[in-house]
Amino acid sequence: MNQQLSTEQWQQFWEQGYLPLDKVVSDAELAALQQRIDDIMLGKAPLDYDRMLMQLDSTTGKIGDTGPQTKGHKGATLDYRKIQDLEFDPLFLHTMQQPLFREICEVVHGTGTAVACFRAMFMNKPAGKGTPLAWHQDRWTDLDRDPVITIWIALDPATIANGCVQILPRTHHTLINAEDSSGFITPAQAEAALAQAKPIFLELQAGEAVLLHNWLLHASDVNKSGIPRRAFSICYMEAATQSKRGEQFSTIFGEGALASASVA
Ligand SMILES: O=C(O)CCC(=O)C(=O)O
C-alpha cells in the first residue's frame, strides 16, 4: 500500500508514542495472511516448523498457564497465543518489507542503515478465550541497545470486546524499571500511571496498523467476543544489534536482507 507519513504524523508519534497507520494491506493480502496463519496453526503450511517459536494459549485465562515458548508445532489447533519467526514465511515477509515500513525504519534508524527484526510475531486471542497481558513496556535487557519501534497489524477487527491493545499515551519517554528485563510494571506503578493518563483502546479495522514506540505502556485483555483477535506485529531494530545470548536476527532491509525466494 502506498502511504507517506507527514511531519505532523511523526510529531504525533514522537510526542504520544503511537501513530495509527490506516490500512497497510490490501483486502486480498489480508485474506491470504489470515488463511496462512490459520494454516500455520493447523500444521498445513509448507514451513520448517522447527524454526518457528510457537506457544499455545492458556485454557484458564491465566498468563502463568500459557504453554512453553519453544520451537516447533504443538498440535493442530487455532488456540495458539504466540507464533514468532514469521519472517521465514514469504507472505508475512512480503508484508514486512513493504515500502511504508522501509520508510518508517529509515526515519527512525537513518537512511542506509540495515534493519533487522527482533521478532515478527503473531499474537492471538482465540474467540471467547485469550489471556490478559498486564501493563508493560517492551524491552529486552540482553540486547546491546533497545529496539525502538513495533508495527502492529490487525488481522481481524480489533475491538474492546475482543481484547484490542490498550496504551497509555506519552509514557514512552521514561523507562519505568530500567533494570528489569521483562518490562512489566507493578500493580502500584500501573495504578500511578493510570492516574496520570487515560488509556486509549486501539480499535482497528482488519488490515489497519499502528506504529508503537516500544517503551509505550501497553496491555490487552481477554477476548469476550465470538471472533478471534489475530494480529501480526513486527519489532524492527538496527541490524547491528547484538544479544548477549548470541541470538541471530534476520535482516529485513539493507545488505543481506531476506528475500522471499530464499525463505519459501
Ligand atoms: O497483541 C497484544 O495483545 C499485545 C502484544 C504485546 O503486548 C507485545 O507484543 O508486547
# chains A, B, ... in the order shown; residues from 1 in each chain; ligands from 1
call {"tool": "residues_around", "arguments": {"residues": "stretch 198-201 of chain A", "least_positions_apart": "4", "cutoff": "6 Å", "atoms": "only C-alpha atoms", "output": "ChimeraX atom specification"}}
result
/A:166-168
call {"tool": "residues_around", "arguments": {"residues": "A:Leu212", "least_positions_apart": "6", "cutoff": "7 Å", "atoms": "only C-alpha atoms", "output": "list in words"}}
result
Gly17, Tyr18, Leu19, Ile149, Thr150 and Ile151 of chain A
call {"tool": "select_by_dssp", "arguments": {"residues": "stretch 1-211 of chain A", "states": "helix (DSSP H, G or I)", "output": "NGL selection string"}}
result
:A and (7-16 or 27-41 or 49-51 or 63-65 or 86-88 or 90-96 or 99-109 or 171-173 or 187-196)
call {"tool": "residues_near_ligand", "arguments": {"ligand": "ligand 1", "cutoff": "7 Å", "atoms": "only C-alpha atoms and all ligand atoms", "output": "PyMOL selection string"}}
result
chain A and resi 123-124+133+138+163-165+218-220+231
call {"tool": "write_last_selection", "arguments": {"atoms": "N, CA, C and O atoms", "output": "PDB file, in the first residue's frame"}}
result
ATOM      1  N   MET A 123       0.161 -12.591  17.378  1.00  0.00           N
ATOM      2  CA  MET A 123      -0.404 -12.597  18.742  1.00  0.00           C
ATOM      3  C   MET A 123      -1.900 -12.805  18.600  1.00  0.00           C
ATOM      4  O   MET A 123      -2.570 -12.044  17.900  1.00  0.00           O
ATOM      5  N   ASN A 124      -2.396 -13.807  19.272  1.00  0.00           N
ATOM      6  CA  ASN A 124      -3.767 -14.237  19.063  1.00  0.00           C
ATOM      7  C   ASN A 124      -4.545 -14.244  20.373  1.00  0.00           C
ATOM      8  O   ASN A 124      -3.997 -14.569  21.424  1.00  0.00           O
ATOM      9  N   LEU A 133      -2.865  -9.523  29.130  1.00  0.00           N
ATOM     10  CA  LEU A 133      -1.458  -9.117  29.213  1.00  0.00           C
ATOM     11  C   LEU A 133      -1.430  -7.833  30.017  1.00  0.00           C
ATOM     12  O   LEU A 133      -2.068  -6.847  29.631  1.00  0.00           O
ATOM     13  N   ASP A 138       7.946  -2.644  26.208  1.00  0.00           N
ATOM     14  CA  ASP A 138       8.683  -3.698  25.510  1.00  0.00           C
ATOM     15  C   ASP A 138      10.171  -3.381  25.520  1.00  0.00           C
ATOM     16  O   ASP A 138      10.609  -2.380  24.944  1.00  0.00           O
ATOM     17  N   GLY A 163     -10.422  -7.763  22.845  1.00  0.00           N
ATOM     18  CA  GLY A 163      -9.123  -7.645  23.518  1.00  0.00           C
ATOM     19  C   GLY A 163      -8.090  -6.870  22.733  1.00  0.00           C
ATOM     20  O   GLY A 163      -6.911  -7.257  22.680  1.00  0.00           O
ATOM     21  N   CYS A 164      -8.504  -5.738  22.134  1.00  0.00           N
ATOM     22  CA  CYS A 164      -7.532  -4.916  21.393  1.00  0.00           C
ATOM     23  C   CYS A 164      -6.461  -4.382  22.355  1.00  0.00           C
ATOM     24  O   CYS A 164      -6.643  -4.374  23.575  1.00  0.00           O
ATOM     25  N   VAL A 165      -5.375  -3.908  21.778  1.00  0.00           N
ATOM     26  CA  VAL A 165      -4.293  -3.347  22.602  1.00  0.00           C
ATOM     27  C   VAL A 165      -4.750  -2.007  23.187  1.00  0.00           C
ATOM     28  O   VAL A 165      -5.403  -1.212  22.514  1.00  0.00           O
ATOM     29  N   HIS A 218       1.642  -0.573  27.466  1.00  0.00           N
ATOM     30  CA  HIS A 218       0.507  -1.182  26.764  1.00  0.00           C
ATOM     31  C   HIS A 218       0.091  -2.462  27.468  1.00  0.00           C
ATOM     32  O   HIS A 218       0.849  -3.038  28.254  1.00  0.00           O
ATOM     33  N   ALA A 219      -1.140  -2.882  27.165  1.00  0.00           N
ATOM     34  CA  ALA A 219      -1.730  -4.056  27.809  1.00  0.00           C
ATOM     35  C   ALA A 219      -2.826  -4.563  26.888  1.00  0.00           C
ATOM     36  O   ALA A 219      -3.186  -3.896  25.914  1.00  0.00           O
ATOM     37  N   SER A 220      -3.337  -5.753  27.161  1.00  0.00           N
ATOM     38  CA  SER A 220      -4.537  -6.192  26.423  1.00  0.00           C
ATOM     39  C   SER A 220      -5.294  -7.191  27.282  1.00  0.00           C
ATOM     40  O   SER A 220      -4.725  -7.855  28.149  1.00  0.00           O
ATOM     41  N   ALA A 231      -3.416 -10.911  15.255  1.00  0.00           N
ATOM     42  CA  ALA A 231      -2.612  -9.736  14.917  1.00  0.00           C
ATOM     43  C   ALA A 231      -1.204 -10.173  14.558  1.00  0.00           C
ATOM     44  O   ALA A 231      -0.715 -11.199  15.042  1.00  0.00           O
TER      45      ALA A 231
END
call {"tool": "residues_around", "arguments": {"residues": "A:Pro228", "least_positions_apart": "6", "cutoff": "9 Å", "atoms": "only C-alpha atoms", "output": "number ranges by chain"}}
result
A: 124-130, 156-157, 162
call {"tool": "write_last_selection", "arguments": {"atoms": "C-alpha atoms", "output": "compact mmCIF listing (two decimals), in the first residue's frame"}}
result
# COMPACT_ATOMS: atom_id res chain seq x y z
CA ASN A 124 -3.77 -14.24 19.06
CA LYS A 125 -6.75 -14.11 21.35
CA PRO A 126 -8.92 -17.01 20.20
CA ALA A 127 -12.68 -16.35 20.10
CA GLY A 128 -14.14 -16.35 23.59
CA LYS A 129 -10.71 -17.02 25.12
CA GLY A 130 -7.32 -15.37 25.27
CA ASP A 156 -9.21 -9.24 12.38
CA PRO A 157 -11.16 -6.19 13.52
CA ASN A 162 -12.07 -8.97 21.52
call {"tool": "decode", "arguments": {"residues": "stretch 196-209 of chain A", "atoms": "all heavy atoms", "output": "PDB file, in the first residue's frame"}}
result
ATOM      1  N   GLN A 196      -2.415   9.206  35.880  1.00  0.00           N
ATOM      2  CA  GLN A 196      -1.837  10.324  35.111  1.00  0.00           C
ATOM      3  C   GLN A 196      -2.389  10.405  33.693  1.00  0.00           C
ATOM      4  O   GLN A 196      -2.428  11.479  33.110  1.00  0.00           O
ATOM      5  CB  GLN A 196      -0.321  10.102  34.950  1.00  0.00           C
ATOM      6  CG  GLN A 196       0.442   9.938  36.221  1.00  0.00           C
ATOM      7  CD  GLN A 196       1.111  11.235  36.605  1.00  0.00           C
ATOM      8  OE1 GLN A 196       1.569  11.972  35.742  1.00  0.00           O
ATOM      9  NE2 GLN A 196       1.149  11.516  37.893  1.00  0.00           N
ATOM     10  N   ALA A 197      -2.747   9.263  33.107  1.00  0.00           N
ATOM     11  CA  ALA A 197      -3.164   9.252  31.697  1.00  0.00           C
ATOM     12  C   ALA A 197      -4.325   8.284  31.525  1.00  0.00           C
ATOM     13  O   ALA A 197      -4.427   7.287  32.238  1.00  0.00           O
ATOM     14  CB  ALA A 197      -1.993   8.826  30.808  1.00  0.00           C
ATOM     15  N   LYS A 198      -5.185   8.612  30.573  1.00  0.00           N
ATOM     16  CA  LYS A 198      -6.357   7.766  30.316  1.00  0.00           C
ATOM     17  C   LYS A 198      -5.963   6.755  29.240  1.00  0.00           C
ATOM     18  O   LYS A 198      -5.407   7.146  28.210  1.00  0.00           O
ATOM     19  CB  LYS A 198      -7.468   8.678  29.797  1.00  0.00           C
ATOM     20  CG  LYS A 198      -8.857   8.151  29.951  1.00  0.00           C
ATOM     21  CD  LYS A 198      -9.800   9.353  29.710  1.00  0.00           C
ATOM     22  CE  LYS A 198     -11.159   9.058  29.229  1.00  0.00           C
ATOM     23  NZ  LYS A 198     -11.634   7.927  28.706  1.00  0.00           N
ATOM     24  N   PRO A 199      -6.273   5.464  29.429  1.00  0.00           N
ATOM     25  CA  PRO A 199      -5.903   4.505  28.393  1.00  0.00           C
ATOM     26  C   PRO A 199      -6.659   4.751  27.089  1.00  0.00           C
ATOM     27  O   PRO A 199      -7.815   5.171  27.116  1.00  0.00           O
ATOM     28  CB  PRO A 199      -6.306   3.143  28.979  1.00  0.00           C
ATOM     29  CG  PRO A 199      -6.838   3.384  30.323  1.00  0.00           C
ATOM     30  CD  PRO A 199      -6.938   4.855  30.569  1.00  0.00           C
ATOM     31  N   ILE A 200      -5.991   4.498  26.003  1.00  0.00           N
ATOM     32  CA  ILE A 200      -6.631   4.573  24.690  1.00  0.00           C
ATOM     33  C   ILE A 200      -6.713   3.144  24.151  1.00  0.00           C
ATOM     34  O   ILE A 200      -5.713   2.411  24.148  1.00  0.00           O
ATOM     35  CB  ILE A 200      -5.810   5.461  23.732  1.00  0.00           C
ATOM     36  CG1 ILE A 200      -5.860   6.907  24.223  1.00  0.00           C
ATOM     37  CG2 ILE A 200      -6.330   5.353  22.293  1.00  0.00           C
ATOM     38  CD1 ILE A 200      -5.040   7.867  23.402  1.00  0.00           C
ATOM     39  N   PHE A 201      -7.900   2.751  23.749  1.00  0.00           N
ATOM     40  CA  PHE A 201      -8.097   1.416  23.168  1.00  0.00           C
ATOM     41  C   PHE A 201      -7.856   1.530  21.665  1.00  0.00           C
ATOM     42  O   PHE A 201      -8.536   2.306  20.992  1.00  0.00           O
ATOM     43  CB  PHE A 201      -9.528   0.923  23.446  1.00  0.00           C
ATOM     44  CG  PHE A 201      -9.764   0.609  24.898  1.00  0.00           C
ATOM     45  CD1 PHE A 201     -10.120   1.605  25.798  1.00  0.00           C
ATOM     46  CD2 PHE A 201      -9.603  -0.689  25.366  1.00  0.00           C
ATOM     47  CE1 PHE A 201     -10.325   1.310  27.151  1.00  0.00           C
ATOM     48  CE2 PHE A 201      -9.807  -0.993  26.712  1.00  0.00           C
ATOM     49  CZ  PHE A 201     -10.171   0.012  27.604  1.00  0.00           C
ATOM     50  N   LEU A 202      -6.912   0.776  21.166  1.00  0.00           N
ATOM     51  CA  LEU A 202      -6.557   0.873  19.744  1.00  0.00           C
ATOM     52  C   LEU A 202      -7.476  -0.033  18.928  1.00  0.00           C
ATOM     53  O   LEU A 202      -7.105  -1.139  18.532  1.00  0.00           O
ATOM     54  CB  LEU A 202      -5.083   0.521  19.539  1.00  0.00           C
ATOM     55  CG  LEU A 202      -4.090   1.466  20.217  1.00  0.00           C
ATOM     56  CD1 LEU A 202      -2.666   0.976  20.047  1.00  0.00           C
ATOM     57  CD2 LEU A 202      -4.238   2.895  19.666  1.00  0.00           C
ATOM     58  N   GLU A 203      -8.689   0.471  18.710  1.00  0.00           N
ATOM     59  CA  GLU A 203      -9.647  -0.296  17.902  1.00  0.00           C
ATOM     60  C   GLU A 203      -9.305  -0.066  16.427  1.00  0.00           C
ATOM     61  O   GLU A 203      -9.204   1.079  15.978  1.00  0.00           O
ATOM     62  CB  GLU A 203     -11.072   0.156  18.212  1.00  0.00           C
ATOM     63  CG  GLU A 203     -11.482  -0.193  19.637  1.00  0.00           C
ATOM     64  CD  GLU A 203     -12.990  -0.165  19.828  1.00  0.00           C
ATOM     65  OE1 GLU A 203     -13.535   0.952  19.934  1.00  0.00           O
ATOM     66  OE2 GLU A 203     -13.612  -1.229  19.860  1.00  0.00           O
ATOM     67  N   LEU A 204      -9.120  -1.146  15.696  1.00  0.00           N
ATOM     68  CA  LEU A 204      -8.688  -1.053  14.294  1.00  0.00           C
ATOM     69  C   LEU A 204      -9.561  -1.938  13.430  1.00  0.00           C
ATOM     70  O   LEU A 204     -10.085  -2.967  13.896  1.00  0.00           O
ATOM     71  CB  LEU A 204      -7.233  -1.535  14.152  1.00  0.00           C
ATOM     72  CG  LEU A 204      -6.144  -0.824  14.969  1.00  0.00           C
ATOM     73  CD1 LEU A 204      -4.808  -1.530  14.770  1.00  0.00           C
ATOM     74  CD2 LEU A 204      -6.022   0.631  14.564  1.00  0.00           C
ATOM     75  N   GLN A 205      -9.663  -1.560  12.160  1.00  0.00           N
ATOM     76  CA  GLN A 205     -10.271  -2.453  11.168  1.00  0.00           C
ATOM     77  C   GLN A 205      -9.228  -3.501  10.794  1.00  0.00           C
ATOM     78  O   GLN A 205      -8.021  -3.240  10.868  1.00  0.00           O
ATOM     79  CB  GLN A 205     -10.640  -1.669   9.906  1.00  0.00           C
ATOM     80  CG  GLN A 205     -11.692  -0.596  10.115  1.00  0.00           C
ATOM     81  CD  GLN A 205     -13.027  -1.195  10.526  1.00  0.00           C
ATOM     82  OE1 GLN A 205     -13.461  -2.206   9.977  1.00  0.00           O
ATOM     83  NE2 GLN A 205     -13.652  -0.584  11.511  1.00  0.00           N
ATOM     84  N   ALA A 206      -9.694  -4.657  10.334  1.00  0.00           N
ATOM     85  CA  ALA A 206      -8.738  -5.659   9.849  1.00  0.00           C
ATOM     86  C   ALA A 206      -7.937  -5.052   8.700  1.00  0.00           C
ATOM     87  O   ALA A 206      -8.502  -4.413   7.814  1.00  0.00           O
ATOM     88  CB  ALA A 206      -9.493  -6.891   9.373  1.00  0.00           C
ATOM     89  N   GLY A 207      -6.615  -5.213   8.762  1.00  0.00           N
ATOM     90  CA  GLY A 207      -5.739  -4.655   7.725  1.00  0.00           C
ATOM     91  C   GLY A 207      -5.146  -3.311   8.107  1.00  0.00           C
ATOM     92  O   GLY A 207      -4.206  -2.846   7.470  1.00  0.00           O
ATOM     93  N   GLU A 208      -5.689  -2.677   9.163  1.00  0.00           N
ATOM     94  CA  GLU A 208      -5.099  -1.419   9.629  1.00  0.00           C
ATOM     95  C   GLU A 208      -3.971  -1.716  10.614  1.00  0.00           C
ATOM     96  O   GLU A 208      -3.908  -2.806  11.200  1.00  0.00           O
ATOM     97  CB  GLU A 208      -6.154  -0.553  10.325  1.00  0.00           C
ATOM     98  CG  GLU A 208      -7.177   0.021   9.362  1.00  0.00           C
ATOM     99  CD  GLU A 208      -8.215   0.915  10.046  1.00  0.00           C
ATOM    100  OE1 GLU A 208      -8.291   0.937  11.294  1.00  0.00           O
ATOM    101  OE2 GLU A 208      -8.959   1.559   9.307  1.00  0.00           O
ATOM    102  N   ALA A 209      -3.117  -0.714  10.804  1.00  0.00           N
ATOM    103  CA  ALA A 209      -1.950  -0.926  11.671  1.00  0.00           C
ATOM    104  C   ALA A 209      -1.737   0.287  12.562  1.00  0.00           C
ATOM    105  O   ALA A 209      -2.314   1.353  12.348  1.00  0.00           O
ATOM    106  CB  ALA A 209      -0.709  -1.159  10.824  1.00  0.00           C
TER     107      ALA A 209
END
